Amino acid sequence: MRLLAKLFASVFIIVVVALLTIIALLHTQYGLTMVKHVISTISPYQLAAEELRYDIAHPFTLTFIHPELTHAESEPDHANFQANSVSITVIPLSSLMGENVLRSVVIKGADVTDEWHNALPAQLTIEHIALDNISYSGTSMAFKDAAIQLTDWENSDAPWGNWQGQFLFSSPLVEIDGLPMSNLLLDSERAKESWEIWGISFNSQWGNITGSATLSDSRQWLFHQLTLSDAQLEYSSSLERVIDQWQDFTKNNVVSFRRLDLLDISASFETFTVEHLNASLQGLVLEHGKPMLADIDALLSFNASLIRYQDWVMTDILSDVSLDGNDIDINAFSTKIADDGFISFAGKLNTTALSLNNLVISGMSLNAEDPILQSTFSALQQLNDVRVNNMTVKHTNVLYLDKRFPLQVVGLNLRGQNVVLKQAGKPGLWQGQLSASAASASVNRIPVSSPYFSMESHKGNWQIDPLSLSFIQGQFAAKAHIDLSRQSVPWKVTVTGLSVPNDIYARWLSLPIEINGEHDIALSLSGLADNEDSFAYSLSGELTATPHRLWLHADSGQSLSQSVLSALQHQDNAKNQNQRPLTISNIQLKADRGRISLAPVVIKEHNQSVNLSGRWDLVSGEADLEVSKK
């Protein structure tokens, strides 16, 4: 027993003396030589360094000044490693057992490449790495003067090895695919199946970016928060490349945004300009580059001092929108258009219905052929239901420059309440009250002053009472009733007019009548409007007209009967026509279930006189118009 104790004491003394000797040597110029010999003996690497620094206060830490580590075989795939300084802290027990495990490594002033890990032992594990003043240049990324911290790093075939735990990065300049970023800061942590980015921020030529995110190994990105601020954007090849990269990224990943903020963003492109945009988006999900509308519960609010799209210029824009599945709740939207225009609305929209709580349009100049309005009309036609609870249009001009039927309305004022404009895919005033007036209008080149109409409907029982128009020398008034709730759609219309211009028949109704002048009219018609056949079979009523101040343009060599037939058939046979005054007796038209008859009408010109009569059958399509000498 005493022998065993003496033996143990001897071994202990020898170990202590050896350790003290090693420590003593590490404080001398021979320490570096000893470490070089140990490394070359136990590994296939050669170490070179200018100096070895050792402090007894940190007995397991060695610091090398300007070290260079090379593989003894010097093969091409074995890269050299150089640095200004390297501090290594070993784990004594692991080192004695031959394990390549280090407590920490601090590297300062190194230029690294994708092959730098080949200069290190293949099975090396480092619990904590700190890199300072590091530069790197690779095929897709480069950075300078970076500071990096890693935990639980293991050497592997991957260019930067494998790591778990904390990853900190900062660099004054980083380039990714040739795109520069400055003042990059990254605080992150790598878990087994995800990468938590607690915070990232950098400056770019397109603004400042900050955010936090979670990257899953299943290619799912969750941005807890992402902010772009102080951006000045315009077209460039670099911006186009970033957009293409973002589109490729979203196509290959599922990207979710808990919150996306844009602060003071301005952009100028050929067809689009925005100034001082501030926006906040919550709850957006992109899959294969497209929003997952069915699963979205998102909020969007934004404001901007100016937005220009093509010829539309909007200022002082304010919007607050929420998305719930397929429903878009427009809590508020308002903007100024051009100098005096204003639009504001709030409501709900989905793929089948539009329901607005309020709509206000004021001081606008609307061109119906504008691409934006055309797109809006096309989208509305795709909806099954359209409803507006409160509608107000003030001092608005409407222009429709169609060659076949141009229309211009000046100073339109419109008010509506509880208006259902489309129901179950069928257009019409199904419900509500609507009234409109204007200062003036031009309807297919016929001037109209002070037009006014009032409409009201209850459960599809729609009536117009009244519609009134004022012409240059006459007036026109009408009342109408349509029952949209019944399958046959019965309707009725009554019209009265004084000095109504004859041009309205050719220009408004496309009827082949070229006898100019005016007439007084009394009209009462009724029928069904379910389809063309029901209209033809049901049309009934009568029309009485008293013509006055009439003339037609015809060749002076034509007879009266030929001139009348040409005018009624819309035939212009002569280029140099004369204005020929006419006198026509009262006109009486009667319709009985699609059969229309014209009582004989006497037409006179000086000493000539003819009788005009006719019959039309809307059911069979037969027509007979007769002009005979009296």
# chains A, B, ... in the order shown; residues from 1 in each chain; ligands from 1

$ select_by_dssp --residues "stretch 340-544 of chain A" --states "strand (DSSP E or B)" --output "MDAnalysis selection string"
chainID A and resid 341:349 353:362 365:367 385:400 407:423 426:437 440:443 446:458 461:470 475:483 490:501 515:528 540:544

$ residues_around --residues "A:Asp152" --least-positions-apart "6" --cutoff "10 Å" --atoms "only C-alpha atoms" --output "PyMOL selection string"
chain A and resi 102-104+125-129+162-167+190

$ residues_around --residues "A:Asn278" --least-positions-apart "5" --cutoff "7 Å" --atoms "only C-alpha atoms" --output "tab-separated table (two decimals) with all heavy atoms, in the first residue's frame"
chain	number	residue	atom	x	y	z
A	262	LEU	N	-42.98	50.42	-44.51
A	262	LEU	CA	-42.28	51.29	-45.45
A	262	LEU	C	-42.38	52.71	-44.91
A	262	LEU	O	-43.48	53.22	-44.71
A	262	LEU	CB	-42.91	51.20	-46.85
A	262	LEU	CG	-43.02	49.81	-47.47
A	262	LEU	CD1	-43.74	49.88	-48.81
A	262	LEU	CD2	-41.64	49.18	-47.64
A	263	LEU	N	-41.23	53.33	-44.70
A	263	LEU	CA	-41.19	54.66	-44.08
A	263	LEU	C	-40.49	55.64	-45.01
A	263	LEU	O	-39.33	55.45	-45.36
A	263	LEU	CB	-40.47	54.60	-42.73
A	263	LEU	CG	-41.02	53.60	-41.70
A	263	LEU	CD1	-40.17	53.62	-40.44
A	263	LEU	CD2	-42.47	53.91	-41.38
A	264	ASP	N	-41.22	56.67	-45.41
A	264	ASP	CA	-40.69	57.75	-46.24
A	264	ASP	C	-40.02	57.19	-47.50
A	264	ASP	O	-38.83	57.38	-47.73
A	264	ASP	CB	-39.72	58.61	-45.44
A	264	ASP	CG	-39.45	59.95	-46.11
A	264	ASP	OD1	-40.23	60.31	-47.02
A	264	ASP	OD2	-38.47	60.61	-45.75
A	265	ILE	N	-40.83	56.51	-48.32
A	265	ILE	CA	-40.34	55.90	-49.55
A	265	ILE	C	-40.76	56.76	-50.73
A	265	ILE	O	-41.94	57.15	-50.85
A	265	ILE	CB	-40.89	54.48	-49.72
A	265	ILE	CG1	-40.60	53.64	-48.45
A	265	ILE	CG2	-40.29	53.83	-50.95
A	265	ILE	CD1	-39.15	53.49	-48.14
A	302	PHE	N	-51.73	52.93	-45.31
A	302	PHE	CA	-50.66	53.69	-45.95
A	302	PHE	C	-51.13	55.12	-46.21
A	302	PHE	O	-52.32	55.41	-46.27
A	302	PHE	CB	-50.19	53.03	-47.25
A	302	PHE	CG	-51.18	53.09	-48.38
A	302	PHE	CD1	-51.20	54.16	-49.26
A	302	PHE	CD2	-52.10	52.07	-48.56
A	302	PHE	CE1	-52.11	54.21	-50.30
A	302	PHE	CE2	-53.00	52.10	-49.60
A	302	PHE	CZ	-53.00	53.18	-50.48
A	303	ASN	N	-50.15	55.98	-46.36
A	303	ASN	CA	-50.41	57.34	-46.79
A	303	ASN	C	-49.23	57.79	-47.64
A	303	ASN	O	-48.11	57.29	-47.51
A	303	ASN	CB	-50.62	58.29	-45.60
A	303	ASN	CG	-49.39	58.37	-44.71
A	303	ASN	OD1	-48.42	59.06	-45.01
A	303	ASN	ND2	-49.42	57.65	-43.58
A	304	ALA	N	-49.49	58.72	-48.53
A	304	ALA	CA	-48.46	59.23	-49.42
A	304	ALA	C	-48.83	60.65	-49.83
A	304	ALA	O	-50.01	60.99	-49.92
A	304	ALA	CB	-48.30	58.35	-50.65

$ residues_around --residues "A:Ala441" --least-positions-apart "3" --cutoff "6 Å" --atoms "only C-alpha atoms" --output "PDB file with all heavy atoms, in the first residue's frame"
ATOM      1  N   GLN A 408     -70.879  63.845 -73.114  1.00  0.00           N
ATOM      2  CA  GLN A 408     -70.204  64.764 -72.216  1.00  0.00           C
ATOM      3  C   GLN A 408     -71.219  65.305 -71.223  1.00  0.00           C
ATOM      4  O   GLN A 408     -72.305  65.752 -71.614  1.00  0.00           O
ATOM      5  CB  GLN A 408     -69.551  65.916 -72.985  1.00  0.00           C
ATOM      6  CG  GLN A 408     -68.783  66.878 -72.081  1.00  0.00           C
ATOM      7  CD  GLN A 408     -68.124  67.992 -72.865  1.00  0.00           C
ATOM      8  OE1 GLN A 408     -68.444  68.207 -74.027  1.00  0.00           O
ATOM      9  NE2 GLN A 408     -67.213  68.704 -72.232  1.00  0.00           N
ATOM     10  N   VAL A 409     -70.872  65.231 -69.938  1.00  0.00           N
ATOM     11  CA  VAL A 409     -71.712  65.763 -68.871  1.00  0.00           C
ATOM     12  C   VAL A 409     -70.875  66.746 -68.065  1.00  0.00           C
ATOM     13  O   VAL A 409     -69.768  66.414 -67.629  1.00  0.00           O
ATOM     14  CB  VAL A 409     -72.256  64.644 -67.954  1.00  0.00           C
ATOM     15  CG1 VAL A 409     -73.155  65.239 -66.871  1.00  0.00           C
ATOM     16  CG2 VAL A 409     -73.019  63.608 -68.762  1.00  0.00           C
ATOM     17  N   VAL A 410     -71.398  67.950 -67.880  1.00  0.00           N
ATOM     18  CA  VAL A 410     -70.686  69.002 -67.153  1.00  0.00           C
ATOM     19  C   VAL A 410     -71.429  69.296 -65.854  1.00  0.00           C
ATOM     20  O   VAL A 410     -72.641  69.523 -65.859  1.00  0.00           O
ATOM     21  CB  VAL A 410     -70.576  70.279 -68.006  1.00  0.00           C
ATOM     22  CG1 VAL A 410     -69.873  71.390 -67.230  1.00  0.00           C
ATOM     23  CG2 VAL A 410     -69.834  69.991 -69.304  1.00  0.00           C
ATOM     24  N   PRO A 447     -77.027  69.018 -77.736  1.00  0.00           N
ATOM     25  CA  PRO A 447     -76.850  69.703 -76.449  1.00  0.00           C
ATOM     26  C   PRO A 447     -78.104  69.618 -75.592  1.00  0.00           C
ATOM     27  O   PRO A 447     -79.232  69.745 -76.077  1.00  0.00           O
ATOM     28  CB  PRO A 447     -76.538  71.148 -76.860  1.00  0.00           C
ATOM     29  CG  PRO A 447     -77.144  71.307 -78.212  1.00  0.00           C
ATOM     30  CD  PRO A 447     -77.060  69.966 -78.869  1.00  0.00           C
ATOM     31  N   VAL A 448     -77.885  69.394 -74.288  1.00  0.00           N
ATOM     32  CA  VAL A 448     -78.963  69.309 -73.303  1.00  0.00           C
ATOM     33  C   VAL A 448     -78.565  70.169 -72.118  1.00  0.00           C
ATOM     34  O   VAL A 448     -77.423  70.110 -71.649  1.00  0.00           O
ATOM     35  CB  VAL A 448     -79.197  67.849 -72.851  1.00  0.00           C
ATOM     36  CG1 VAL A 448     -80.276  67.794 -71.780  1.00  0.00           C
ATOM     37  CG2 VAL A 448     -79.561  66.975 -74.029  1.00  0.00           C
TER      38      VAL A 448
END

$ atom_distance --atom1 "atom CA of A:Val393" --atom2 "atom CA of A:Gln423"
22.5 Å

$ residues_around --residues "A:Leu383" --least-positions-apart "4" --cutoff "9 Å" --atoms "only C-alpha atoms" --output "mmCIF file with C-alpha atoms, in the first residue's frame"
data_model
loop_
_atom_site.group_PDB
_atom_site.id
_atom_site.type_symbol
_atom_site.label_atom_id
_atom_site.label_comp_id
_atom_site.auth_asym_id
_atom_site.auth_seq_id
_atom_site.Cartn_x
_atom_site.Cartn_y
_atom_site.Cartn_z
ATOM 1 C CA ASN A 350 -64.527 40.150 -52.393
ATOM 2 C CA THR A 351 -64.417 38.110 -55.582
ATOM 3 C CA THR A 352 -68.204 38.210 -56.057
ATOM 4 C CA ALA A 353 -69.532 41.341 -54.360
ATOM 5 C CA LEU A 354 -68.825 44.997 -53.647
ATOM 6 C CA ALA A 379 -63.853 44.375 -62.768
ATOM 7 C CA LYS A 422 -76.436 44.634 -59.336
ATOM 8 C CA ALA A 424 -77.337 37.899 -58.508
ATOM 9 C CA GLY A 425 -75.405 38.873 -61.635
#

$ select_by_dssp --residues "stretch 64-312 of chain A" --states "alpha helix (DSSP H)" --output "VMD selection string"
chain A and resid 92 to 96 237 to 252

$ closest_residue --among "A:Leu239, A:Leu356, A:Ile317, A:Leu222" --to "A:Ile337" --atoms "only C-alpha atoms"
A:Ile317

$ residues_around --residues "A:Asn357" --least-positions-apart "2" --cutoff "8 Å" --atoms "only C-alpha atoms" --output "list in words"
Phe345, Ala346, Gly347, Ser355, Leu359, Val388, Asn389 and Asn390 of chain A

$ decode --residues "stretch 457-502 of chain A" --atoms "N, CA and C atoms" --output "CSV table (one decimal), in the first residue's frame"
chain,number,residue,atom,x,y,z
A,457,SER,N,-86.4,52.4,-56.2
A,457,SER,CA,-86.7,51.0,-56.3
A,457,SER,C,-86.9,50.4,-55.0
A,458,HIS,N,-87.9,49.5,-54.9
A,458,HIS,CA,-88.1,48.7,-53.7
A,458,HIS,C,-88.3,47.2,-54.1
A,459,LYS,N,-87.3,46.4,-53.8
A,459,LYS,CA,-87.3,45.0,-54.1
A,459,LYS,C,-87.4,44.8,-55.6
A,460,GLY,N,-86.6,45.6,-56.4
A,460,GLY,CA,-86.6,45.4,-57.8
A,460,GLY,C,-87.7,46.1,-58.5
A,461,ASN,N,-88.7,46.7,-57.8
A,461,ASN,CA,-89.8,47.5,-58.5
A,461,ASN,C,-89.2,48.9,-58.7
A,462,TRP,N,-88.7,49.1,-59.9
A,462,TRP,CA,-87.9,50.3,-60.2
A,462,TRP,C,-88.7,51.3,-61.0
A,463,GLN,N,-88.7,52.5,-60.6
A,463,GLN,CA,-89.4,53.6,-61.3
A,463,GLN,C,-88.5,54.8,-61.5
A,464,ILE,N,-88.7,55.5,-62.6
A,464,ILE,CA,-88.0,56.7,-62.9
A,464,ILE,C,-89.1,57.8,-62.9
A,465,ASP,N,-89.0,58.8,-62.0
A,465,ASP,CA,-90.0,59.8,-61.9
A,465,ASP,C,-89.4,61.0,-61.3
A,466,PRO,N,-89.1,62.0,-62.1
A,466,PRO,CA,-89.1,62.1,-63.5
A,466,PRO,C,-87.7,62.0,-64.1
A,467,LEU,N,-87.7,62.0,-65.5
A,467,LEU,CA,-86.5,62.3,-66.3
A,467,LEU,C,-86.8,63.5,-67.1
A,468,SER,N,-86.1,64.6,-66.9
A,468,SER,CA,-86.4,65.8,-67.6
A,468,SER,C,-85.2,66.3,-68.3
A,469,LEU,N,-85.3,66.8,-69.6
A,469,LEU,CA,-84.2,67.3,-70.3
A,469,LEU,C,-84.7,68.6,-71.0
A,470,SER,N,-83.8,69.6,-71.1
A,470,SER,CA,-84.1,70.8,-71.7
A,470,SER,C,-83.2,71.0,-73.0
A,471,PHE,N,-83.9,71.2,-74.1
A,471,PHE,CA,-83.1,71.4,-75.3
A,471,PHE,C,-83.0,72.9,-75.6
A,472,ILE,N,-82.5,73.3,-76.7
A,472,ILE,CA,-82.3,74.7,-77.0
A,472,ILE,C,-83.6,75.4,-77.1
A,473,GLN,N,-84.6,74.8,-77.7
A,473,GLN,CA,-85.9,75.4,-77.8
A,473,GLN,C,-87.1,74.6,-77.2
A,474,GLY,N,-86.7,73.4,-76.6
A,474,GLY,CA,-87.8,72.6,-76.1
A,474,GLY,C,-87.5,71.9,-74.8
A,475,GLN,N,-88.5,71.0,-74.4
A,475,GLN,CA,-88.3,70.3,-73.2
A,475,GLN,C,-88.8,68.9,-73.4
A,476,PHE,N,-88.3,68.0,-72.6
A,476,PHE,CA,-88.6,66.6,-72.7
A,476,PHE,C,-88.8,66.0,-71.2
A,477,ALA,N,-89.8,65.2,-71.0
A,477,ALA,CA,-90.1,64.6,-69.7
A,477,ALA,C,-90.5,63.2,-69.9
A,478,ALA,N,-90.1,62.3,-69.0
A,478,ALA,CA,-90.5,60.9,-69.1
A,478,ALA,C,-90.6,60.3,-67.7
A,479,LYS,N,-91.4,59.3,-67.6
A,479,LYS,CA,-91.6,58.5,-66.5
A,479,LYS,C,-91.5,57.0,-66.9
A,480,ALA,N,-90.9,56.2,-66.1
A,480,ALA,CA,-90.8,54.8,-66.4
A,480,ALA,C,-90.9,53.9,-65.2
A,481,HIS,N,-91.4,52.7,-65.5
A,481,HIS,CA,-91.5,51.7,-64.4
A,481,HIS,C,-91.1,50.3,-64.9
A,482,ILE,N,-90.2,49.6,-64.2
A,482,ILE,CA,-89.7,48.3,-64.6
A,482,ILE,C,-89.8,47.4,-63.3
A,483,ASP,N,-90.3,46.3,-63.4
A,483,ASP,CA,-90.4,45.3,-62.3
A,483,ASP,C,-89.3,44.2,-62.5
A,484,LEU,N,-88.1,44.4,-61.9
A,484,LEU,CA,-87.1,43.5,-62.1
A,484,LEU,C,-87.3,42.2,-61.3
A,485,SER,N,-88.2,42.3,-60.3
A,485,SER,CA,-88.4,41.1,-59.5
A,485,SER,C,-89.2,40.0,-60.1
A,486,ARG,N,-89.9,40.4,-61.2
A,486,ARG,CA,-90.7,39.4,-61.9
A,486,ARG,C,-89.9,38.8,-63.1
A,487,GLN,N,-90.0,37.6,-63.4
A,487,GLN,CA,-89.2,36.9,-64.4
A,487,GLN,C,-89.5,37.5,-65.8
A,488,SER,N,-90.7,37.9,-66.1
A,488,SER,CA,-91.0,38.5,-67.4
A,488,SER,C,-90.5,40.0,-67.5
A,489,VAL,N,-90.1,40.6,-66.4
A,489,VAL,CA,-89.7,42.0,-66.4
A,489,VAL,C,-90.6,42.9,-67.1
A,490,PRO,N,-91.8,43.1,-66.6
A,490,PRO,CA,-92.8,44.1,-67.2
A,490,PRO,C,-92.3,45.5,-67.1
A,491,TRP,N,-92.6,46.3,-68.0
A,491,TRP,CA,-92.1,47.7,-68.0
A,491,TRP,C,-93.2,48.6,-68.6
A,492,LYS,N,-93.1,49.9,-68.3
A,492,LYS,CA,-94.0,50.9,-68.8
A,492,LYS,C,-93.3,52.2,-68.9
A,493,VAL,N,-93.5,53.0,-69.9
A,493,VAL,CA,-92.9,54.3,-70.0
A,493,VAL,C,-93.9,55.3,-70.6
A,494,THR,N,-93.9,56.5,-70.1
A,494,THR,CA,-94.7,57.6,-70.7
A,494,THR,C,-93.7,58.8,-70.9
A,495,VAL,N,-94.0,59.5,-72.0
A,495,VAL,CA,-93.1,60.6,-72.4
A,495,VAL,C,-94.0,61.7,-72.9
A,496,THR,N,-93.6,62.9,-72.5
A,496,THR,CA,-94.2,64.1,-73.1
A,496,THR,C,-93.1,65.1,-73.5
A,497,GLY,N,-93.3,65.8,-74.5
A,497,GLY,CA,-92.3,66.8,-75.0
A,497,GLY,C,-92.8,67.9,-75.8
A,498,LEU,N,-92.1,69.0,-75.7
A,498,LEU,CA,-92.4,70.2,-76.5
A,498,LEU,C,-91.2,70.6,-77.3
A,499,SER,N,-91.4,70.8,-78.6
A,499,SER,CA,-90.3,71.2,-79.4
A,499,SER,C,-89.0,70.3,-79.3
A,500,VAL,N,-89.3,69.0,-79.3
A,500,VAL,CA,-88.2,68.1,-79.2
A,500,VAL,C,-87.5,67.9,-80.5
A,501,PRO,N,-86.2,68.0,-80.6
A,501,PRO,CA,-85.5,67.9,-81.9
A,501,PRO,C,-85.6,66.5,-82.5
A,502,ASN,N,-85.9,66.5,-83.8
A,502,ASN,CA,-86.0,65.2,-84.4
A,502,ASN,C,-84.7,64.4,-84.4
